[in-house]
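Containing compact mmCIF, C-alpha atoms: start26.txt.
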# COMPACT_ATOMS: atom_id res chain seq x y z
CA MET A 1363 -178.94 -239.23 9.72
CA ALA A 1364 -176.13 -241.28 8.33
CA ARG A 1365 -176.00 -241.19 4.62
CA LYS A 1366 -175.44 -244.42 2.88
CA VAL A 1367 -171.91 -244.60 1.64
CA PRO A 1368 -171.67 -246.44 -1.64
CA GLU A 1369 -169.37 -249.40 -1.46
CA ILE A 1370 -166.13 -249.13 -3.38
CA ASN A 1371 -165.39 -251.96 -5.68
CA GLY A 1372 -162.15 -253.54 -4.56
CA GLY A 1373 -161.92 -256.00 -7.36
CA SER A 1374 -159.40 -254.00 -9.36
CA MET A 1375 -157.07 -253.53 -6.42
CA ALA A 1376 -155.13 -256.63 -7.40
CA ASP A 1377 -154.65 -255.26 -10.91
CA ILE A 1378 -153.29 -251.96 -9.62
CA ALA A 1379 -150.98 -253.75 -7.23
CA PHE A 1380 -149.80 -255.98 -10.07
CA LEU A 1381 -148.99 -252.96 -12.16
CA LEU A 1382 -146.90 -251.43 -9.40
CA LEU A 1383 -145.27 -254.76 -8.66
CA ILE A 1384 -144.16 -255.17 -12.23
CA PHE A 1385 -142.80 -251.64 -12.28
CA PHE A 1386 -140.65 -252.27 -9.21
CA LEU A 1387 -139.61 -255.69 -10.48
CA VAL A 1388 -138.25 -254.11 -13.62
CA THR A 1389 -136.50 -251.17 -11.99
CA THR A 1390 -134.95 -253.15 -9.15
CA THR A 1391 -131.26 -253.86 -9.26
CA MET A 1392 -130.14 -256.25 -6.62
CA ASP A 1393 -126.42 -255.99 -7.13
CA ILE A 1394 -124.48 -255.65 -3.93
CA ASP A 1395 -121.30 -253.76 -4.48
CA LYS A 1396 -118.21 -255.66 -3.54
CA GLY A 1397 -114.61 -254.75 -3.67
CA ILE A 1398 -111.26 -254.35 -2.01
CA THR A 1399 -111.27 -251.58 0.56
CA ARG A 1400 -108.13 -249.53 1.06
CA ARG A 1401 -107.20 -246.38 2.89
CA LEU A 1402 -105.29 -243.69 1.08
CA PRO A 1403 -102.60 -241.81 2.97
CA PRO A 1404 -103.05 -238.08 3.50
CA PRO A 1405 -101.15 -235.90 1.03
CA PRO A 1406 -97.47 -235.58 1.85
CA ASP A 1407 -96.30 -232.60 3.79
CA PRO A 1408 -93.73 -230.84 1.60
CA ASN A 1409 -91.76 -229.67 4.63
CA ALA A 1410 -91.63 -232.98 6.43
CA GLU A 1411 -88.67 -235.21 5.88
CA PRO A 1412 -89.50 -238.65 4.54
CA PRO A 1413 -89.60 -241.08 7.45
CA ASP A 1414 -86.47 -243.04 8.03
CA ILE A 1415 -87.31 -246.70 7.54
CA LYS A 1416 -84.72 -249.39 7.68
CA GLN A 1417 -84.15 -251.30 4.48
CA ARG A 1418 -84.93 -254.61 6.17
CA ASN A 1419 -88.40 -253.38 7.08
CA ILE A 1420 -89.46 -252.60 3.52
CA PHE A 1421 -90.68 -255.07 0.97
CA THR A 1422 -90.96 -253.41 -2.41
CA ILE A 1423 -93.21 -254.58 -5.18
CA LEU A 1424 -92.91 -252.87 -8.52
CA VAL A 1425 -95.32 -253.49 -11.37
CA ASN A 1426 -94.14 -252.21 -14.72
CA LYS A 1427 -96.09 -251.23 -17.79
CA ASN A 1428 -95.89 -254.75 -19.18
CA ASP A 1429 -97.49 -256.05 -15.98
CA ARG A 1430 -94.24 -257.73 -14.92
CA LEU A 1431 -93.35 -257.83 -11.25
CA LEU A 1432 -90.17 -256.89 -9.51
CA ILE A 1433 -90.39 -258.24 -5.99
CA ASP A 1434 -87.75 -257.08 -3.55
CA GLY A 1435 -85.33 -256.36 -6.37
CA LYS A 1436 -85.79 -259.65 -8.18
CA PRO A 1437 -88.15 -260.48 -11.04
CA GLY A 1438 -91.06 -262.23 -9.43
CA ASP A 1439 -94.21 -264.14 -10.15
CA LEU A 1440 -97.70 -263.37 -8.92
CA ARG A 1441 -98.07 -267.02 -7.92
CA ASN A 1442 -95.36 -266.77 -5.27
CA LEU A 1443 -96.18 -263.26 -4.09
CA ARG A 1444 -98.55 -264.35 -1.36
CA GLU A 1445 -96.05 -266.71 0.25
CA GLN A 1446 -93.25 -264.18 -0.02
CA VAL A 1447 -95.33 -261.50 1.67
CA LYS A 1448 -96.33 -263.85 4.46
CA GLU A 1449 -92.75 -264.95 4.99
CA PHE A 1450 -91.65 -261.31 5.09
CA ILE A 1451 -94.24 -260.22 7.62
CA LYS A 1452 -93.88 -263.25 9.84
CA ASN A 1453 -90.09 -263.54 9.78
CA PRO A 1454 -90.37 -266.94 11.45
CA TYR A 1455 -86.66 -267.45 12.16
CA ASN A 1456 -85.92 -263.85 13.16
CA GLN A 1457 -83.53 -263.38 10.28
CA ASP A 1458 -81.46 -260.24 10.04
CA ASP A 1459 -82.65 -259.30 6.56
CA LEU A 1460 -86.35 -259.62 7.39
CA PRO A 1461 -88.28 -257.02 9.39
CA GLU A 1462 -87.90 -256.30 13.05
CA LYS A 1463 -90.64 -256.97 15.54
CA ARG A 1464 -91.72 -255.10 18.57
CA MET A 1465 -93.42 -256.68 21.54
CA GLU A 1466 -96.82 -255.23 22.24
CA GLN A 1467 -99.37 -255.74 24.94
CA ILE A 1468 -102.73 -256.39 23.33
CA GLN A 1469 -105.93 -257.17 25.11
CA TYR A 1470 -107.05 -260.82 24.77
CA LEU A 1471 -103.69 -261.74 23.23
CA GLY A 1472 -101.18 -260.71 25.85
CA GLU A 1473 -97.69 -259.82 24.79
CA VAL A 1474 -97.28 -260.58 21.09
CA PRO A 1475 -94.66 -259.65 18.53
CA VAL A 1476 -95.89 -257.16 15.93
CA SER A 1477 -93.98 -256.95 12.70
CA LYS A 1478 -92.60 -253.59 11.67
CA GLY A 1479 -92.61 -254.66 8.04
CA ILE A 1480 -94.16 -252.45 5.38
CA ILE A 1481 -95.19 -253.55 1.92
CA SER A 1482 -94.42 -250.84 -0.58
CA LEU A 1483 -96.34 -251.06 -3.82
CA LYS A 1484 -95.44 -249.04 -6.85
CA ASN A 1485 -96.81 -249.13 -10.35
CA ASP A 1486 -96.19 -247.45 -13.66
CA ARG A 1487 -98.75 -245.32 -15.41
CA GLY A 1488 -98.98 -248.01 -18.05
CA THR A 1489 -99.75 -250.86 -15.67
CA SER A 1490 -103.14 -252.39 -16.33
CA TYR A 1491 -105.79 -251.99 -13.68
CA ASP A 1492 -106.46 -255.71 -13.84
CA MET A 1493 -102.88 -256.52 -12.82
CA TYR A 1494 -102.94 -253.89 -10.10
CA ILE A 1495 -106.06 -255.43 -8.60
CA ARG A 1496 -104.58 -258.90 -8.79
CA VAL A 1497 -101.53 -257.72 -6.86
CA GLN A 1498 -103.76 -255.96 -4.31
CA ASN A 1499 -105.80 -259.14 -4.08
CA GLU A 1500 -102.71 -261.22 -3.33
CA LEU A 1501 -101.65 -258.75 -0.65
CA ALA A 1502 -105.12 -258.82 0.89
CA ALA A 1503 -105.06 -262.62 0.79
CA ALA A 1504 -101.64 -262.74 2.46
CA PHE A 1505 -102.79 -260.54 5.33
CA ARG A 1506 -106.05 -262.42 5.63
CA GLU A 1507 -104.15 -265.71 5.91
CA LEU A 1508 -101.81 -264.26 8.52
CA LYS A 1509 -104.79 -263.12 10.56
CA ASP A 1510 -106.42 -266.49 10.16
CA GLU A 1511 -103.30 -268.28 11.37
CA LEU A 1512 -103.06 -266.08 14.44
CA ALA A 1513 -106.76 -266.49 15.19
CA LYS A 1514 -106.47 -270.28 14.91
CA GLU A 1515 -103.44 -270.28 17.16
CA GLU A 1516 -104.88 -267.99 19.81
CA PHE A 1517 -108.61 -268.70 19.78
CA GLY A 1518 -108.87 -271.91 17.80
CA ILE A 1519 -111.25 -270.45 15.21
CA ALA A 1520 -110.98 -268.65 11.90
CA TYR A 1521 -110.68 -264.87 11.91
CA GLU A 1522 -114.03 -264.40 10.20
CA GLU A 1523 -115.83 -266.43 12.84
CA ALA A 1524 -114.18 -264.82 15.83
CA ARG A 1525 -115.91 -262.33 18.08
CA LYS A 1526 -115.63 -258.66 17.26
CA GLU A 1527 -113.26 -257.90 20.14
CA TYR A 1528 -111.03 -260.78 19.14
CA ARG A 1529 -110.99 -259.60 15.55
CA LYS A 1530 -109.97 -256.14 16.72
CA ALA A 1531 -107.15 -257.59 18.79
CA ILE A 1532 -105.91 -259.55 15.80
CA ASP A 1533 -106.16 -256.48 13.58
CA LYS A 1534 -103.81 -254.80 16.01
CA ALA A 1535 -101.38 -257.69 16.06
CA VAL A 1536 -101.33 -258.00 12.26
CA PRO A 1537 -101.59 -254.45 10.91
CA VAL A 1538 -102.21 -254.25 7.18
CA ALA A 1539 -99.17 -252.20 6.30
CA ILE A 1540 -99.42 -251.52 2.59
CA SER A 1541 -97.93 -248.28 1.44
CA GLU A 1542 -98.29 -246.94 -2.04
CA ALA A 1543 -95.32 -244.99 -3.19
CA GLU A 1544 -95.71 -241.43 -4.36
CA PRO A 1545 -96.39 -241.74 -8.07
CA GLU A 1546 -93.82 -240.80 -10.61
CA ASN A 1547 -94.78 -240.18 -14.15
CA VAL A 1548 -93.08 -243.06 -15.87
CA GLY A 1549 -94.07 -245.73 -18.33
CA ASP A 1550 -97.05 -244.06 -19.93
CA MET B 886 -172.01 -295.56 2.03
CA GLY B 887 -174.42 -292.88 1.20
CA LYS B 888 -172.52 -290.70 3.57
CA PHE B 889 -169.66 -290.48 1.12
CA THR B 890 -171.58 -290.09 -2.07
CA LYS B 891 -173.45 -287.15 -0.68
CA LYS B 892 -170.39 -284.98 -0.60
CA LYS B 893 -169.69 -285.31 -4.28
CA GLU B 894 -170.45 -282.18 -6.21
CA LYS B 895 -170.37 -281.51 -9.90
CA GLY B 896 -167.64 -279.26 -11.34
CA THR B 897 -164.34 -278.08 -9.88
CA PRO B 898 -164.49 -276.10 -6.64
CA GLN B 899 -163.72 -272.41 -6.96
CA VAL B 900 -160.36 -271.21 -5.67
CA THR B 901 -160.90 -268.18 -3.57
CA THR B 902 -159.00 -265.18 -4.90
CA ALA B 903 -159.78 -262.90 -2.04
CA ALA B 904 -156.24 -263.20 -0.66
CA LEU B 905 -154.62 -262.45 -4.00
CA PRO B 906 -154.35 -258.66 -3.50
CA ASP B 907 -152.72 -259.27 -0.13
CA ILE B 908 -150.11 -261.54 -1.61
CA ILE B 909 -149.38 -259.12 -4.40
CA PHE B 910 -149.12 -256.26 -1.95
CA MET B 911 -146.66 -258.25 0.11
CA LEU B 912 -144.45 -258.79 -2.94
CA LEU B 913 -144.89 -255.17 -3.91
CA PHE B 914 -143.70 -253.92 -0.54
CA PHE B 915 -140.74 -256.26 -0.64
CA PHE B 916 -139.61 -254.89 -3.98
CA MET B 917 -140.33 -251.32 -2.99
CA VAL B 918 -138.13 -251.64 0.06
CA SER B 919 -135.31 -253.53 -1.60
CA THR B 920 -135.19 -251.43 -4.71
CA VAL B 921 -132.43 -248.95 -5.35
CA MET B 922 -133.33 -246.43 -7.97
CA ARG B 923 -130.64 -246.09 -10.56
CA THR B 924 -130.00 -242.41 -10.69
CA GLU B 925 -127.26 -242.47 -13.25
CA SER B 926 -126.81 -244.30 -16.47
CA LEU B 927 -123.37 -245.49 -17.33
CA LEU B 928 -121.69 -243.68 -20.16
CA VAL B 929 -118.61 -245.86 -19.96
CA LYS B 930 -118.11 -249.57 -20.42
CA ILE B 931 -117.03 -251.22 -17.22
CA SER B 932 -116.08 -254.81 -16.81
CA ALA B 933 -114.77 -255.07 -13.29
CA PRO B 934 -111.70 -257.17 -12.58
CA GLY B 935 -112.10 -260.34 -10.54
CA ALA B 936 -110.79 -260.77 -7.02
CA THR B 937 -111.16 -263.33 -4.28
CA GLU B 938 -110.66 -261.14 -1.21
CA VAL B 939 -113.73 -258.96 -1.52
CA GLN B 940 -115.68 -257.16 1.14
CA LYS B 941 -119.22 -255.98 0.87
CA LEU B 942 -119.84 -252.28 0.68
CA GLU B 943 -122.24 -251.40 3.42
CA LYS B 944 -124.44 -248.35 3.76
CA LYS B 945 -124.97 -247.33 0.20
CA SER B 946 -125.96 -243.81 1.16
CA LEU B 947 -122.39 -243.15 2.26
CA VAL B 948 -120.88 -244.30 -1.01
CA SER B 949 -120.16 -242.11 -3.99
CA TYR B 950 -119.14 -243.63 -7.26
CA ILE B 951 -116.47 -242.75 -9.74
CA ASN B 952 -116.64 -244.64 -13.02
CA ILE B 953 -113.65 -244.96 -15.29
CA GLY B 954 -113.63 -246.80 -18.58
CA PRO B 955 -113.79 -246.46 -22.35
CA PRO B 956 -116.90 -244.56 -23.55
CA LYS B 957 -119.86 -246.59 -24.70
CA GLN B 958 -120.45 -244.27 -27.60
CA GLU B 959 -117.98 -245.44 -30.19
CA ASN B 960 -117.25 -242.12 -31.85
CA LEU B 961 -115.76 -240.86 -28.60
CA GLY B 962 -112.76 -243.12 -28.96
CA SER B 963 -111.50 -245.96 -26.82
CA LYS B 964 -109.41 -244.01 -24.32
CA ALA B 965 -110.57 -244.38 -20.75
CA ARG B 966 -112.68 -241.48 -19.50
CA ILE B 967 -113.98 -240.51 -16.09
CA GLN B 968 -117.69 -240.36 -15.44
CA LEU B 969 -119.03 -238.44 -12.47
CA ASN B 970 -122.78 -238.29 -11.92
CA ASP B 971 -124.23 -238.23 -15.41
CA SER B 972 -121.47 -236.75 -17.49
CA PHE B 973 -117.87 -237.13 -18.50
CA ALA B 974 -115.40 -235.28 -16.36
CA ARG B 975 -111.76 -234.49 -16.15
CA VAL B 976 -109.38 -235.36 -13.36
CA ARG B 977 -109.57 -231.86 -11.91
CA ASP B 978 -113.36 -232.15 -11.56
CA VAL B 979 -113.00 -234.97 -9.06
CA ARG B 980 -112.31 -232.70 -6.14
CA GLU B 981 -115.43 -230.62 -6.65
CA PHE B 982 -117.47 -233.81 -7.01
CA ILE B 983 -116.15 -235.16 -3.72
CA LEU B 984 -116.84 -231.88 -1.94
CA SER B 985 -120.41 -231.75 -3.22
CA GLU B 986 -120.98 -235.39 -2.29
CA ARG B 987 -119.66 -234.73 1.17
CA GLU B 988 -121.97 -231.74 1.54
CA LYS B 989 -124.95 -234.05 1.07
CA LEU B 990 -124.07 -236.15 4.10
CA ASP B 991 -124.82 -235.50 7.74
CA GLU B 992 -122.03 -234.04 9.80
CA ALA B 993 -121.62 -237.27 11.74
CA ASP B 994 -121.45 -239.42 8.63
CA LYS B 995 -118.84 -237.41 6.80
CA GLN B 996 -115.94 -239.34 8.19
CA PHE B 997 -117.44 -242.62 6.99
CA MET B 998 -117.79 -241.50 3.41
CA THR B 999 -116.46 -244.06 0.98
CA THR B 1000 -115.54 -243.58 -2.63
CA ALA B 1001 -116.14 -246.61 -4.78
CA LEU B 1002 -113.99 -246.76 -7.87
CA LYS B 1003 -115.67 -248.65 -10.66
CA ILE B 1004 -112.93 -249.11 -13.16
CA ASP B 1005 -112.70 -251.19 -16.30
CA GLN B 1006 -110.07 -253.89 -16.07
CA ASP B 1007 -108.27 -252.80 -19.24
CA THR B 1008 -107.74 -249.25 -18.00
CA ARG B 1009 -104.16 -248.11 -17.55
CA MET B 1010 -103.13 -247.13 -14.04
CA GLY B 1011 -102.12 -243.59 -15.08
CA ILE B 1012 -105.62 -242.17 -14.93
CA VAL B 1013 -106.39 -244.20 -11.81
CA THR B 1014 -103.34 -242.79 -10.05
CA ASP B 1015 -104.34 -239.26 -11.03
CA VAL B 1016 -107.82 -239.77 -9.59
CA LYS B 1017 -106.39 -241.27 -6.42
CA GLN B 1018 -104.11 -238.27 -5.99
CA GLU B 1019 -107.12 -235.97 -6.36
CA LEU B 1020 -108.99 -238.02 -3.75
CA ARG B 1021 -106.10 -237.68 -1.35
CA LYS B 1022 -106.05 -233.94 -1.86
CA SER B 1023 -109.80 -233.70 -1.22
CA GLY B 1024 -109.59 -235.78 1.92
CA ALA B 1025 -111.55 -238.79 0.67
CA PHE B 1026 -109.23 -241.43 2.04
CA LYS B 1027 -111.55 -244.38 2.25
CA ILE B 1028 -111.75 -246.01 -1.13
CA ASN B 1029 -113.05 -249.25 -2.49
CA TYR B 1030 -111.89 -250.85 -5.70
CA ASN B 1031 -115.01 -252.37 -7.16
CA THR B 1032 -114.45 -255.97 -8.20
CA ARG B 1033 -116.35 -259.06 -9.13
CA GLN B 1034 -116.10 -261.94 -6.73
CA VAL B 1035 -114.48 -264.98 -8.31
CA GLU B 1036 -113.50 -268.32 -6.87
CA GLU B 1037 -109.98 -268.19 -8.17
CA ILE B 1038 -108.00 -265.61 -10.04
CA ASN B 1039 -105.95 -266.69 -13.01
CA TYR B 1040 -102.23 -266.17 -12.80
CA TYR B 1041 -100.44 -265.49 -16.01
Show how you would write the structure in this file as structure tokens.
Amino acid sequence: MARKVPEINGGSMADIAFLLLIFFLVTTTMDIDKGITRRLPPPPDPNAEPPDIKQRNIFTILVNKNDRLLIDGKPGDLRNLREQVKEFIKNPYNQDDLPEKRMEQIQYLGEVPVSKGIISLKNDRGTSYDMYIRVQNELAAAFRELKDELAKEEFGIAYEEARKEYRKAIDKAVPVAISEAEPENVGD
Amino acid sequence: MGKFTKKKEKGTPQVTTAALPDIIFMLLFFFMVSTVMRTESLLVKISAPGATEVQKLEKKSLVSYINIGPPKQENLGSKARIQLNDSFARVRDVREFILSEREKLDEADKQFMTTALKIDQDTRMGIVTDVKQELRKSGAFKINYNTRQVEEINYY
């Protein structure tokens, strides 16, 4: 004894769906967050002695409150920073005043020299964030170019296009060694 | 010839609208899935600096945001302030914020937690350094400086 079920009018379904659609259209934000990723060091151990790093292995970049650069003790320009960093890390002619290298066995690459160089970045409290990011950007670009060069040399393709294992090997051969100095309260 | 004339009908043929709800539903689902509900409204003005070497931030659920910039409300002055969740905060509140954000994550995901710093480009580094020091103390080492992607940065 099936009772007759009255048919539901589906004509307004489109209207309801439209309403919801417009709601989601309006509330949607499609921005993908982008940025420069960095890793902060753990807080310093007050009992530990500061590590002994040879002067030749450190490349200091100071940014003062007027956004001027002091690169390795000399007034510098943001335009040349990238090349200077690359030159420092690569040390192509094995100069005495540029960083040492150690030979390391890395899978897919074999025995390759790995630079011991460290980029030390220090800024004043009055430095503008814009300048700080531009310096960070130049450093990121320098390391990216170094990785690209190695990838081209070893695998014949750009770093970005290389396989994941290859990229990992290159990351090992070109470590991004950027150290931010412990802040001092100057230049507010 | 009559074969062809027979087909001619008066008036324009009706477009069937039966598939319309389906199409709308398809769009609706697309937007429902891709949408990210804005849970916080910005209290500070942020115009991110430009950079060329940007990486995408993946897995939004693992990201917590810290906004720093001058307040939108003009009577609050033009000095850069920190915004956490929906209110202004001080530097010492950062640690508690990070701890509560970390609590929300699964145990396995905690190590992948990223802190995105959305900072106005005219901010001075002093406040940024203070926040970074707090992040170090609270163990949030993975950070991301939020930037716009530009083709070329201007050197001056």
Could you please select, counting all atoms listed in the file, the residues of chain A within 8 Å of chain B and state them as an MDAnalysis selection string? chainID A and resid 1375:1376 1379:1380 1382:1383 1386:1387 1389:1392 1394:1405 1440:1441 1485:1492 1494:1496 1499 1502:1503 1545 1550
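Put simply, CA of Val1476 in chain A is 15.9 Å away from CA of Asp1458 in chain A.
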Near-Gly954 in chain B list (6 Å; only C-alpha atoms; drop same-chain fewer than 4 positions) as a PyMOL selection string: chain B and resi 929-931+965-966+1004-1005
File dump, residues just selected, C-alpha atoms, as a PDB file, keeping the file's coordinate frame:
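result-v3.pdb was written with the following content:
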ATOM      1  CA  VAL B 929    -118.610-245.860 -19.960  1.00  0.00           C
ATOM      2  CA  LYS B 930    -118.110-249.570 -20.420  1.00  0.00           C
ATOM      3  CA  ILE B 931    -117.030-251.220 -17.220  1.00  0.00           C
ATOM      4  CA  ALA B 965    -110.570-244.380 -20.750  1.00  0.00           C
ATOM      5  CA  ARG B 966    -112.680-241.480 -19.500  1.00  0.00           C
ATOM      6  CA  ILE B1004    -112.930-249.110 -13.160  1.00  0.00           C
ATOM      7  CA  ASP B1005    -112.700-251.190 -16.300  1.00  0.00           C
TER       8      ASP B1005
END
Near-Asp1510 in chain A list (8 Å; only C-alpha atoms; drop same-chain fewer than 5 positions) as a VMD selection string: chain A and resid 1520 to 1522
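Minimum atom-to-atom distances from B:Ile983, B:Leu990, B:Val1016, B:Leu928 to Leu961 in chain B were compared using all atoms listed in the file, and the lowest value belongs to B:Leu928.
With CA of Ser1477 in chain A on one side and CA of Val1497 in chain A on the other, the separation reads 21.0 Å.
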Around all of range 943-962 of chain B's listed atoms, make the axis-aligned box with 3 Å on each side and tell me centre and edge lengths in Å to one decimal, as lines of an AutoDock Vina configuration file.
center_x = -119.4
center_y = -246.1
center_z = -14.0
size_x = 19.2
size_y = 16.5
size_z = 41.6
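Computed from the coordinates, the CA of Ala993 in chain B to CA of Leu947 in chain B distance equals 11.2 Å.
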At most 10 Å from (-96.6, -266.2, 1.4), file frame, all atoms listed in the file: which residues, as a ChimeraX atom specification? /A:1441-1452,1500-1501,1503-1505,1507-1508
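Counting all atoms listed in the file and comparing B:Thr901, B:Ser926, B:Ser932, B:Ser949, the residue that lies closest to Glu988 in chain B is B:Ser949.
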